[in-house]
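protein.txt (compact mmCIF, C-alpha atoms)
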```
# COMPACT_ATOMS: atom_id res chain seq x y z
CA MET A 1 106.10 89.67 143.81
CA GLY A 2 104.86 87.85 140.78
CA THR A 3 106.04 88.43 137.26
CA HIS A 4 103.38 89.87 135.00
CA GLN A 5 102.95 91.98 131.91
CA GLY A 6 103.59 95.63 132.54
CA PHE A 7 101.05 98.25 131.60
CA THR A 8 100.24 101.87 132.27
CA LEU A 9 96.84 102.80 133.57
CA TRP A 10 96.36 106.45 132.74
CA PHE A 11 93.54 108.22 134.58
CA THR A 12 92.62 111.56 133.06
CA GLY A 13 89.94 113.99 134.15
CA LEU A 14 89.28 117.14 136.10
CA SER A 15 90.58 117.77 139.59
CA GLY A 16 88.04 116.23 141.91
CA ALA A 17 86.62 113.86 139.30
CA GLY A 18 87.83 110.88 141.32
CA LYS A 19 91.13 109.82 139.74
CA THR A 20 93.07 109.51 142.98
CA THR A 21 90.19 107.83 144.78
CA ILE A 22 89.93 105.09 142.18
CA SER A 23 93.69 104.81 142.06
CA ASP A 24 93.80 104.27 145.84
CA TYR A 25 91.26 101.47 145.59
CA LEU A 26 93.14 99.92 142.73
CA THR A 27 96.49 99.85 144.48
CA GLU A 28 94.88 97.79 147.24
CA GLU A 29 93.77 95.29 144.61
CA PHE A 30 97.22 95.16 143.04
CA ARG A 31 98.83 94.75 146.44
CA ARG A 32 96.50 91.90 147.35
CA ARG A 33 97.31 90.21 144.04
CA GLY A 34 101.06 90.53 144.63
CA TYR A 35 101.43 92.75 141.60
CA LYS A 36 104.37 95.06 141.18
CA PHE A 37 102.93 98.53 140.90
CA GLU A 38 103.88 102.17 141.18
CA VAL A 39 101.75 105.28 141.37
CA LEU A 40 102.99 108.44 139.73
CA ASP A 41 100.69 110.95 141.28
CA GLY A 42 100.65 114.69 141.18
CA ASP A 43 102.40 115.30 144.48
CA VAL A 44 105.26 112.93 143.84
CA VAL A 45 105.81 114.05 140.30
CA ARG A 46 105.69 117.77 141.03
CA THR A 47 108.20 117.26 143.83
CA HIS A 48 110.65 114.83 142.29
CA LEU A 49 110.42 115.17 138.55
CA SER A 50 108.94 118.50 137.68
CA LYS A 51 109.93 121.00 140.30
CA GLY A 52 110.14 124.42 138.72
CA LEU A 53 107.54 123.70 136.07
CA GLY A 54 104.43 125.86 136.11
CA PHE A 55 100.98 125.52 134.62
CA SER A 56 101.39 126.99 131.15
CA LYS A 57 100.48 124.65 128.30
CA GLU A 58 104.17 124.08 127.57
CA ASP A 59 105.00 123.26 131.18
CA ARG A 60 101.96 121.04 131.56
CA ASP A 61 102.99 119.17 128.42
CA THR A 62 106.56 118.77 129.67
CA ASN A 63 105.26 117.43 132.96
CA ILE A 64 102.97 114.92 131.25
CA LEU A 65 105.67 113.72 128.85
CA ARG A 66 108.05 113.32 131.77
CA ILE A 67 105.52 111.16 133.59
CA GLY A 68 105.13 109.18 130.38
CA PHE A 69 108.88 108.69 130.09
CA VAL A 70 109.09 107.22 133.59
CA ALA A 71 105.89 105.20 133.16
CA ASN A 72 107.40 103.66 130.03
CA LEU A 73 110.57 102.60 131.85
CA LEU A 74 108.46 100.94 134.53
CA THR A 75 105.93 99.40 132.17
CA ARG A 76 108.52 97.72 129.98
CA ASN A 77 110.01 96.17 133.10
CA GLY A 78 106.77 94.52 134.15
CA VAL A 79 105.34 97.11 136.51
CA ALA A 80 101.65 98.04 136.68
CA THR A 81 102.02 101.80 136.57
CA ILE A 82 99.21 104.08 137.62
CA CYS A 83 99.29 107.72 136.52
CA CYS A 84 96.62 110.16 137.56
CA PRO A 85 97.50 113.64 136.41
CA ILE A 86 94.69 115.75 134.97
CA SER A 87 96.52 115.69 131.61
CA PRO A 88 94.13 118.03 129.84
CA TYR A 89 95.66 117.83 126.37
CA LYS A 90 94.88 115.04 123.95
CA GLU A 91 98.12 115.35 122.02
CA THR A 92 100.37 114.68 125.00
CA ARG A 93 98.21 111.81 126.23
CA ASP A 94 98.42 110.30 122.75
CA ALA A 95 102.19 110.81 122.65
CA ASN A 96 102.45 108.77 125.83
CA ARG A 97 100.15 106.12 124.39
CA ALA A 98 102.44 105.84 121.35
CA LEU A 99 105.56 105.65 123.51
CA ILE A 100 104.28 103.15 126.04
CA GLY A 101 102.14 100.88 123.90
CA GLU A 102 100.64 98.98 126.82
CA PHE A 103 98.45 101.94 127.67
CA VAL A 104 95.01 101.96 129.21
CA GLU A 105 93.37 105.36 129.18
CA VAL A 106 90.53 105.84 131.63
CA TYR A 107 88.48 108.98 131.42
CA VAL A 108 87.17 109.83 134.87
CA HIS A 109 84.17 112.04 134.38
CA ALA A 110 82.38 114.50 136.61
CA THR A 111 81.14 117.95 135.76
CA VAL A 112 82.54 121.17 137.13
CA ASP A 113 79.16 121.92 138.68
CA GLU A 114 79.08 118.60 140.52
CA ILE A 115 82.61 118.97 141.79
CA ALA A 116 82.16 122.59 142.83
CA ALA A 117 78.91 121.79 144.61
CA ASN A 118 79.85 118.57 146.40
CA ARG A 119 83.56 117.77 146.33
CA ASP A 120 85.42 120.96 146.93
CA PRO A 121 85.64 121.71 150.64
CA LYS A 122 88.42 124.26 150.10
CA GLY A 123 86.29 126.11 147.58
CA LEU A 124 88.95 126.14 144.85
CA TYR A 125 86.49 125.68 142.00
CA LYS A 126 84.34 128.47 143.36
CA GLN A 127 87.39 130.71 143.54
CA ALA A 128 88.27 129.82 139.98
CA MET A 129 84.72 130.42 138.82
CA ALA A 130 84.84 133.81 140.54
CA GLY A 131 88.08 134.60 138.72
CA GLU A 132 90.16 134.59 141.89
CA ILE A 133 92.33 131.73 140.63
CA THR A 134 93.31 131.58 136.96
CA GLY A 135 94.58 128.82 134.70
CA PHE A 136 92.21 126.35 136.35
CA THR A 137 91.46 123.32 134.22
CA GLY A 138 87.80 123.03 133.35
CA VAL A 139 87.02 126.59 134.36
CA ASP A 140 89.21 129.01 132.42
CA ASP A 141 91.80 126.51 131.14
CA PRO A 142 91.00 123.77 128.60
CA TYR A 143 90.28 120.12 129.21
CA GLU A 144 90.15 118.02 126.05
CA VAL A 145 87.88 115.04 126.54
CA PRO A 146 89.37 111.72 125.35
CA GLU A 147 87.71 110.53 122.17
CA HIS A 148 88.80 106.91 122.33
CA PRO A 149 89.66 105.99 125.91
CA GLU A 150 89.71 102.31 126.79
CA LEU A 151 87.17 103.09 129.49
CA VAL A 152 84.97 105.89 130.75
CA VAL A 153 84.00 105.92 134.41
CA ASP A 154 81.30 108.36 135.35
CA THR A 155 81.62 109.28 139.00
CA MET A 156 78.41 111.30 138.78
CA VAL A 157 76.44 108.06 138.79
CA GLN A 158 78.88 105.40 139.94
CA THR A 159 80.09 104.75 143.45
CA PRO A 160 83.86 104.42 143.80
CA ARG A 161 83.32 100.69 144.29
CA GLU A 162 81.50 100.52 140.95
CA SER A 163 84.21 102.51 139.20
CA LEU A 164 86.83 100.18 140.64
CA GLN A 165 84.86 97.20 139.38
CA ALA A 166 84.68 98.69 135.88
CA VAL A 167 88.45 99.24 135.80
CA LEU A 168 89.19 95.72 137.01
CA THR A 169 86.85 94.24 134.42
CA GLU A 170 88.48 96.26 131.67
CA LEU A 171 91.94 95.10 132.77
CA VAL A 172 90.78 91.49 132.60
CA GLU A 173 89.35 92.03 129.12
CA LEU A 174 92.64 93.52 127.98
CA GLY A 175 94.54 90.57 129.42
CA TYR A 176 96.39 92.45 132.15
CA LEU A 177 94.59 90.85 135.09
CA GLU A 178 93.38 87.33 135.66
CA THR A 179 90.30 88.10 137.71
CA ASP A 180 88.15 91.15 138.21
CA GLU A 181 86.95 90.04 141.61
CA VAL A 182 87.19 92.86 144.16
CA MET A 183 89.38 91.39 146.88
CA VAL A 184 89.63 94.28 149.32
CA GLU A 185 86.34 95.49 150.76
CA GLY A 186 85.54 98.44 152.96
CA GLY A 187 88.03 99.26 155.66
CA ARG A 188 90.70 101.44 154.25
CA LEU A 189 88.56 102.77 151.44
CA HIS A 190 87.44 106.30 152.07
CA SER A 191 84.27 108.14 151.32
CA GLY A 192 84.96 109.37 147.85
CA LEU A 193 84.87 112.95 148.99
CA THR A 194 87.85 114.50 147.34
CA ASP A 195 89.80 116.91 149.43
CA LEU A 196 91.65 118.89 146.79
CA ARG A 197 95.25 119.37 147.78
CA VAL A 198 96.75 122.73 147.07
CA HIS A 199 100.14 123.13 145.44
CA GLU A 200 102.46 125.86 146.64
CA SER A 201 101.67 127.74 143.45
CA GLY A 202 98.02 127.88 144.42
CA ASN A 203 96.99 125.34 141.78
CA VAL A 204 95.70 122.00 142.94
CA VAL A 205 98.53 119.51 143.05
CA ASP A 206 97.32 117.16 140.37
CA GLU A 207 96.87 120.03 137.94
CA SER A 208 98.74 118.89 134.86
CA MET B 1 113.53 88.03 131.39
CA GLY B 2 114.52 86.51 134.68
CA THR B 3 113.51 87.83 138.05
CA HIS B 4 116.40 89.09 140.11
CA GLN B 5 117.21 91.55 142.83
CA GLY B 6 117.22 95.12 141.63
CA PHE B 7 120.19 97.37 142.20
CA THR B 8 121.60 100.65 140.99
CA LEU B 9 125.09 100.76 139.60
CA TRP B 10 126.22 104.34 139.86
CA PHE B 11 129.27 105.30 137.81
CA THR B 12 130.78 108.61 138.81
CA GLY B 13 133.83 110.33 137.38
CA LEU B 14 135.01 113.00 134.98
CA SER B 15 133.77 113.30 131.43
CA GLY B 16 135.97 111.01 129.40
CA ALA B 17 136.99 108.86 132.36
CA GLY B 18 135.26 105.86 130.78
CA LYS B 19 131.85 105.65 132.49
CA THR B 20 129.83 105.18 129.32
CA THR B 21 132.35 102.76 127.82
CA ILE B 22 132.18 100.46 130.82
CA SER B 23 128.41 100.86 130.95
CA ASP B 24 128.16 99.77 127.29
CA TYR B 25 130.16 96.64 127.99
CA LEU B 26 128.10 95.90 131.03
CA THR B 27 124.75 96.15 129.27
CA GLU B 28 125.93 93.42 126.89
CA GLU B 29 126.64 91.22 129.88
CA PHE B 30 123.24 91.95 131.41
CA ARG B 31 121.52 91.29 128.10
CA ARG B 32 123.31 87.96 127.68
CA ARG B 33 122.27 86.97 131.21
CA GLY B 34 118.64 87.86 130.53
CA TYR B 35 118.69 90.55 133.17
CA LYS B 36 116.21 93.37 133.19
CA PHE B 37 118.23 96.54 132.96
CA GLU B 38 117.93 100.21 132.11
CA VAL B 39 120.56 102.83 131.46
CA LEU B 40 119.92 106.37 132.59
CA ASP B 41 122.62 108.19 130.70
CA GLY B 42 123.33 111.86 130.26
CA ASP B 43 121.65 112.23 126.87
CA VAL B 44 118.43 110.52 127.84
CA VAL B 45 118.12 112.26 131.16
CA ARG B 46 118.88 115.74 129.87
CA THR B 47 116.28 115.26 127.14
CA HIS B 48 113.47 113.56 129.01
CA LEU B 49 113.82 114.42 132.66
CA SER B 50 115.87 117.55 133.03
CA LYS B 51 115.30 119.75 130.04
CA GLY B 52 115.68 123.34 131.09
CA LEU B 53 118.15 122.60 133.85
CA GLY B 54 121.61 124.14 133.51
CA PHE B 55 124.96 123.43 135.08
CA SER B 56 124.88 125.45 138.28
CA LYS B 57 125.40 123.45 141.45
CA GLU B 58 121.71 123.66 142.20
CA ASP B 59 120.67 122.46 138.76
CA ARG B 60 123.26 119.70 138.76
CA ASP B 61 121.97 118.54 142.13
CA THR B 62 118.37 118.59 140.93
CA ASN B 63 119.36 116.56 137.90
CA ILE B 64 121.20 113.97 140.00
CA LEU B 65 118.37 113.64 142.52
CA ARG B 66 115.90 113.23 139.66
CA ILE B 67 118.00 110.41 138.21
CA GLY B 68 118.09 108.91 141.69
CA PHE B 69 114.30 109.13 142.01
CA VAL B 70 113.79 107.21 138.77
CA ALA B 71 116.59 104.75 139.55
CA ASN B 72 114.89 103.99 142.85
CA LEU B 73 111.55 103.23 141.18
CA LEU B 74 113.29 100.84 138.81
CA THR B 75 115.56 99.26 141.41
CA ARG B 76 112.76 98.41 143.82
CA ASN B 77 110.97 96.69 140.94
CA GLY B 78 113.86 94.36 140.20
CA VAL B 79 115.68 96.27 137.47
CA ALA B 80 119.47 96.50 137.21
CA THR B 81 119.76 100.23 136.73
CA ILE B 82 122.93 101.80 135.38
CA CYS B 83 123.48 105.51 135.92
CA CYS B 84 126.54 107.25 134.55
CA PRO B 85 126.29 110.98 135.14
CA ILE B 86 129.45 112.77 136.26
CA SER B 87 127.68 113.52 139.59
CA PRO B 88 130.48 115.65 141.00
CA TYR B 89 128.99 116.26 144.44
CA LYS B 90 129.33 113.77 147.26
CA GLU B 91 126.22 114.95 149.09
CA THR B 92 123.84 114.22 146.21
CA ARG B 93 125.45 110.87 145.46
CA ASP B 94 125.03 109.98 149.14
CA ALA B 95 121.42 111.14 149.11
CA ASN B 96 120.74 108.72 146.28
CA ARG B 97 122.56 105.96 148.13
CA ALA B 98 120.32 106.56 151.15
CA LEU B 99 117.18 106.59 149.02
CA ILE B 100 117.95 103.55 146.91
CA GLY B 101 119.71 101.30 149.40
CA GLU B 102 120.79 98.73 146.81
CA PHE B 103 123.44 101.10 145.54
CA VAL B 104 126.82 100.28 144.06
CA GLU B 105 129.03 103.32 143.58
CA VAL B 106 131.87 102.90 141.13
CA TYR B 107 134.43 105.64 140.86
CA VAL B 108 135.81 105.70 137.34
CA HIS B 109 139.17 107.40 137.53
CA ALA B 110 141.33 109.14 134.97
CA THR B 111 143.18 112.43 135.30
CA VAL B 112 142.32 115.58 133.43
CA ASP B 113 145.77 115.50 131.84
CA GLU B 114 145.25 111.96 130.54
CA ILE B 115 141.79 112.73 129.17
CA ALA B 116 142.85 116.03 127.61
CA ALA B 117 145.89 114.41 125.99
CA ASN B 118 144.38 111.18 124.71
CA ARG B 119 140.59 111.05 124.86
CA ASP B 120 139.32 114.41 123.75
CA PRO B 121 139.20 114.61 119.96
CA LYS B 122 136.92 117.67 120.07
CA GLY B 123 139.36 119.47 122.32
CA LEU B 124 136.79 120.37 124.99
CA TYR B 125 139.17 119.93 127.89
CA LYS B 126 141.77 122.06 126.15
CA GLN B 127 139.15 124.76 125.61
CA ALA B 128 138.16 124.57 129.26
CA MET B 129 141.79 124.73 130.37
CA ALA B 130 142.22 127.80 128.15
CA GLY B 131 139.19 129.41 129.77
CA GLU B 132 137.09 129.29 126.60
CA ILE B 133 134.48 127.06 128.28
CA THR B 134 133.55 127.64 131.92
CA GLY B 135 131.86 125.52 134.53
CA PHE B 136 133.71 122.44 133.31
CA THR B 137 133.96 119.68 135.90
CA GLY B 138 137.53 118.88 136.84
CA VAL B 139 138.90 122.06 135.31
CA ASP B 140 137.20 125.10 136.82
CA ASP B 141 134.24 123.30 138.45
CA PRO B 142 134.60 120.90 141.38
CA TYR B 143 134.65 117.13 141.34
CA GLU B 144 134.45 115.53 144.77
CA VAL B 145 136.17 112.15 144.75
CA PRO B 146 134.14 109.37 146.41
CA GLU B 147 135.62 108.41 149.76
CA HIS B 148 133.91 105.06 150.16
CA PRO B 149 132.84 103.78 146.76
CA GLU B 150 132.13 100.07 146.45
CA LEU B 151 134.74 99.97 143.68
CA VAL B 152 137.36 102.13 142.02
CA VAL B 153 138.25 101.42 138.42
CA ASP B 154 141.33 103.18 137.16
CA THR B 155 141.11 103.55 133.40
CA MET B 156 144.63 105.01 133.35
CA VAL B 157 146.02 101.53 133.85
CA GLN B 158 143.12 99.17 133.11
CA THR B 159 141.77 98.20 129.72
CA PRO B 160 137.98 98.50 129.39
CA ARG B 161 137.86 94.69 129.49
CA GLU B 162 139.67 94.72 132.81
CA SER B 163 137.39 97.40 134.23
CA LEU B 164 134.38 95.37 133.12
CA GLN B 165 135.81 92.33 134.86
CA ALA B 166 136.30 94.28 138.07
CA VAL B 167 132.70 95.49 138.02
CA LEU B 168 131.33 92.00 137.38
CA THR B 169 133.42 90.56 140.19
CA GLU B 170 132.20 93.23 142.58
CA LEU B 171 128.59 92.53 141.62
CA VAL B 172 129.10 88.85 142.37
CA GLU B 173 130.67 89.66 145.73
CA LEU B 174 127.69 91.86 146.58
CA GLY B 175 125.29 89.10 145.59
CA TYR B 176 123.74 90.82 142.58
CA LEU B 177 125.20 88.51 139.94
CA GLU B 178 125.76 84.77 139.95
CA THR B 179 128.91 84.67 137.85
CA ASP B 180 131.54 87.20 136.91
CA GLU B 181 132.49 85.38 133.72
CA VAL B 182 132.69 87.78 130.77
CA MET B 183 130.22 86.30 128.30
CA VAL B 184 130.45 88.78 125.43
CA GLU B 185 133.91 89.15 123.90
CA GLY B 186 135.21 91.60 121.31
CA GLY B 187 132.85 92.38 118.47
CA ARG B 188 130.63 95.21 119.48
CA LEU B 189 133.01 96.55 122.07
CA HIS B 190 134.72 99.68 120.90
CA SER B 191 138.18 101.08 121.40
CA GLY B 192 137.73 102.93 124.64
CA LEU B 193 138.40 106.24 122.95
CA THR B 194 135.75 108.52 124.32
CA ASP B 195 134.21 110.90 121.87
CA LEU B 196 132.77 113.54 124.17
CA ARG B 197 129.29 114.50 123.12
CA VAL B 198 128.42 118.14 123.28
CA HIS B 199 125.18 119.37 124.78
CA GLU B 200 123.34 122.24 123.15
CA SER B 201 124.51 124.42 126.02
CA GLY B 202 128.12 123.76 125.08
CA ASN B 203 128.71 121.52 128.06
CA VAL B 204 129.36 117.86 127.45
CA VAL B 205 126.16 115.90 127.71
CA ASP B 206 127.03 113.82 130.71
CA GLU B 207 128.03 116.88 132.69
CA SER B 208 126.08 116.56 135.88
```

Please go through the file and, once you have read it, give me the structure as structure tokens.
Amino acid sequence: MGTHQGFTLWFTGLSGAGKTTISDYLTEEFRRRGYKFEVLDGDVVRTHLSKGLGFSKEDRDTNILRIGFVANLLTRNGVATICCPISPYKETRDANRALIGEFVEVYVHATVDEIAANRDPKGLYKQAMAGEITGFTGVDDPYEVPEHPELVVDTMVQTPRESLQAVLTELVELGYLETDEVMVEGGRLHSGLTDLRVHESGNVVDES
Amino acid sequence: MGTHQGFTLWFTGLSGAGKTTISDYLTEEFRRRGYKFEVLDGDVVRTHLSKGLGFSKEDRDTNILRIGFVANLLTRNGVATICCPISPYKETRDANRALIGEFVEVYVHATVDEIAANRDPKGLYKQAMAGEITGFTGVDDPYEVPEHPELVVDTMVQTPRESLQAVLTELVELGYLETDEVMVEGGRLHSGLTDLRVHESGNVVDES
């Protein structure tokens, strides 16, 4: 593994917007480059760091700050750290930005209508829209759009490959990567159809 | 910072046994050597990772496994990670050993009588022995002595300097350090008198 500057790449956006998909592509690029990286995703965090926390604003904030605490430890030791919790609240995202410093916020955008129509095989958005699930980000729970993210990727119009390219290019511009060439093509990369994973509480697992 | 093999140095023992004192000495040695290191101590963990957890066996175990989860992320990215929670239960310590692999368990030994008599200016042990505080490790709550630690340091008979030397020598023998020479003498190093810090719950902060 090479030695490089640590940074945190913070994907924020609705469930189903494409955060995990882009993150999966990106880890392949980091791996190919010999970069040290870690992914703090919803599943892992809810199991190992935040068991017992629910989906109230306070618990969501605690979860996000906890991810930020760990991301900071990794980042300052030279690890490329990818976080992809929904993180609906601006204040907690900004608190992590202030803590970590080397912080790249990427807003992954898709509308509720698009996700509900095309990326929700389990029908969770539809259930939320029908009031059968509550506290669902983007439906009856708030999502605060980032005002000054380092990058916006719009998965309504971009392919995953194009979103990946945009992230790589941004990382080069910020000095965290040497080349934005996509080194891993096809193969492992999946269709972009998000299969929302359901947490034992009934919320989707990356709900944060 | 140099690149080196990551490992977790896990100090276990009663409150006041000397875990934090030895850890403080050791961080000076790591700093002087240009090692990447992190300390996951009671204060930091209880604030940033485990807020809301109490001191039941279940909560203690959750806290210890959470520390282990973070220590593993750091260790596998080349960080010398020092953990010094009481960690009274063998099973959770062993679970972290299995997870982390590069795991050096150091049992820091002193008796309750010694700590209560000489290292407890706030009188917490005396209160626990009088039944005024409950759930206190070593008094009315269990502490399971490690059966196969990599190292035992006995702070009843060793000076902190001697305990530090023993740890450094063990790290060299295990291949994690190149030299066991003590590079930082006197100065910053304090007396060895532990001033037990009290958690808001009334338990000492490194109670785990």

### All residues 9 Å or closer to Asp180 of chain A, all atoms listed in the file, same chain fewer than 3 positions away omitted, as a ChimeraX atom specification
/A:165-172,177,183

#### Entry: atom CA of Phe37 of chain B to atom CA of Gly78 of chain A, distance in Å rounded to a single decimal
11.7 Å

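From atom CA of Ile64 of chain A back to atom CA of Pro146 of chain A, the distance works out to 15.2 Å.
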
### Query
Please, which residues are within 10 Å of (97.2, 115.5, 133.9) by the file's coordinates, counting all atoms listed in the file, and could they come as a PyMOL selection string?
chain A and resi 10-15+41-42+60-61+63-64+67+83-89+92-93+137+143+206-208

### Message
Distance limit 12 Å, atoms considered: only C-alpha atoms. Which chain B residues sit that close to chain A? Return them as a ChimeraX atom specification.
### Response
/B:1-6,35-40,44-53,59,61-81

### Task
Point out the residue among A:Asn118, A:His109, A:Ile133, A:Ser163 with the least atom-to-atom distance to Val145 of chain A, counting only C-alpha atoms.
A:His109

### Task
Would you please work out which residue, of A:His148, A:Lys90, A:Arg33, A:Lys19, is nearest to Val182 of chain A when using all atoms listed in the file?
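That would be A:Arg33, the residue with the smallest distance to Val182 of chain A.
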
### One-decimal distance in Å that lies between atom CA of Glu173 of chain B and atom CA of Arg161 of chain B
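Separation between atom CA of Arg161 of chain B and atom CA of Glu173 of chain B: 18.5 Å.
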
### Minimum-distance residue to Gly175 of chain B, chosen among B:Leu124, B:Val104, B:Met129, B:Ala110 (using only C-alpha atoms)
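Once distances to Gly175 of chain B are computed over only C-alpha atoms, the minimum belongs to B:Val104.
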
Write out as a short mmCIF file (atom, residue, chain, number, x, y, z; two decimals) with C-alpha atoms, in the coordinates of the input each polymer residue whose atoms come within 10 Å of Asp141 of chain A, counting all atoms listed in the file; drop sequence neighbours fewer than 3 positions from it.
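Writing the result to around-v2.cif gives the following:
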```cif
data_model
loop_
_atom_site.label_atom_id
_atom_site.label_comp_id
_atom_site.auth_asym_id
_atom_site.auth_seq_id
_atom_site.Cartn_x
_atom_site.Cartn_y
_atom_site.Cartn_z
CA PHE A 55 100.98 125.52 134.62
CA SER A 56 101.39 126.99 131.15
CA LYS A 57 100.48 124.65 128.30
CA PRO A 88 94.13 118.03 129.84
CA THR A 134 93.31 131.58 136.96
CA GLY A 135 94.58 128.82 134.70
CA PHE A 136 92.21 126.35 136.35
CA THR A 137 91.46 123.32 134.22
CA GLY A 138 87.80 123.03 133.35
#
```

### Query
For Asp120 of chain B, which residue out of B:Gly16, B:Tyr176, B:Phe7, B:Phe103 is the nearest one, using all atoms listed in the file?
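Result for the nearest residue to Asp120 of chain B: B:Gly16.
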
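The environment of Leu151 of chain B within 7 Å, counting only C-alpha atoms and disregarding residues fewer than 5 places along the same chain, consists of Glu105, Val106 and Tyr107 of chain B.
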
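Proximity to Ile115 of chain A was assessed for A:Asn96, A:Thr179, A:Thr8, A:Thr155 counting only C-alpha atoms; the smallest distance is recorded for A:Thr155.
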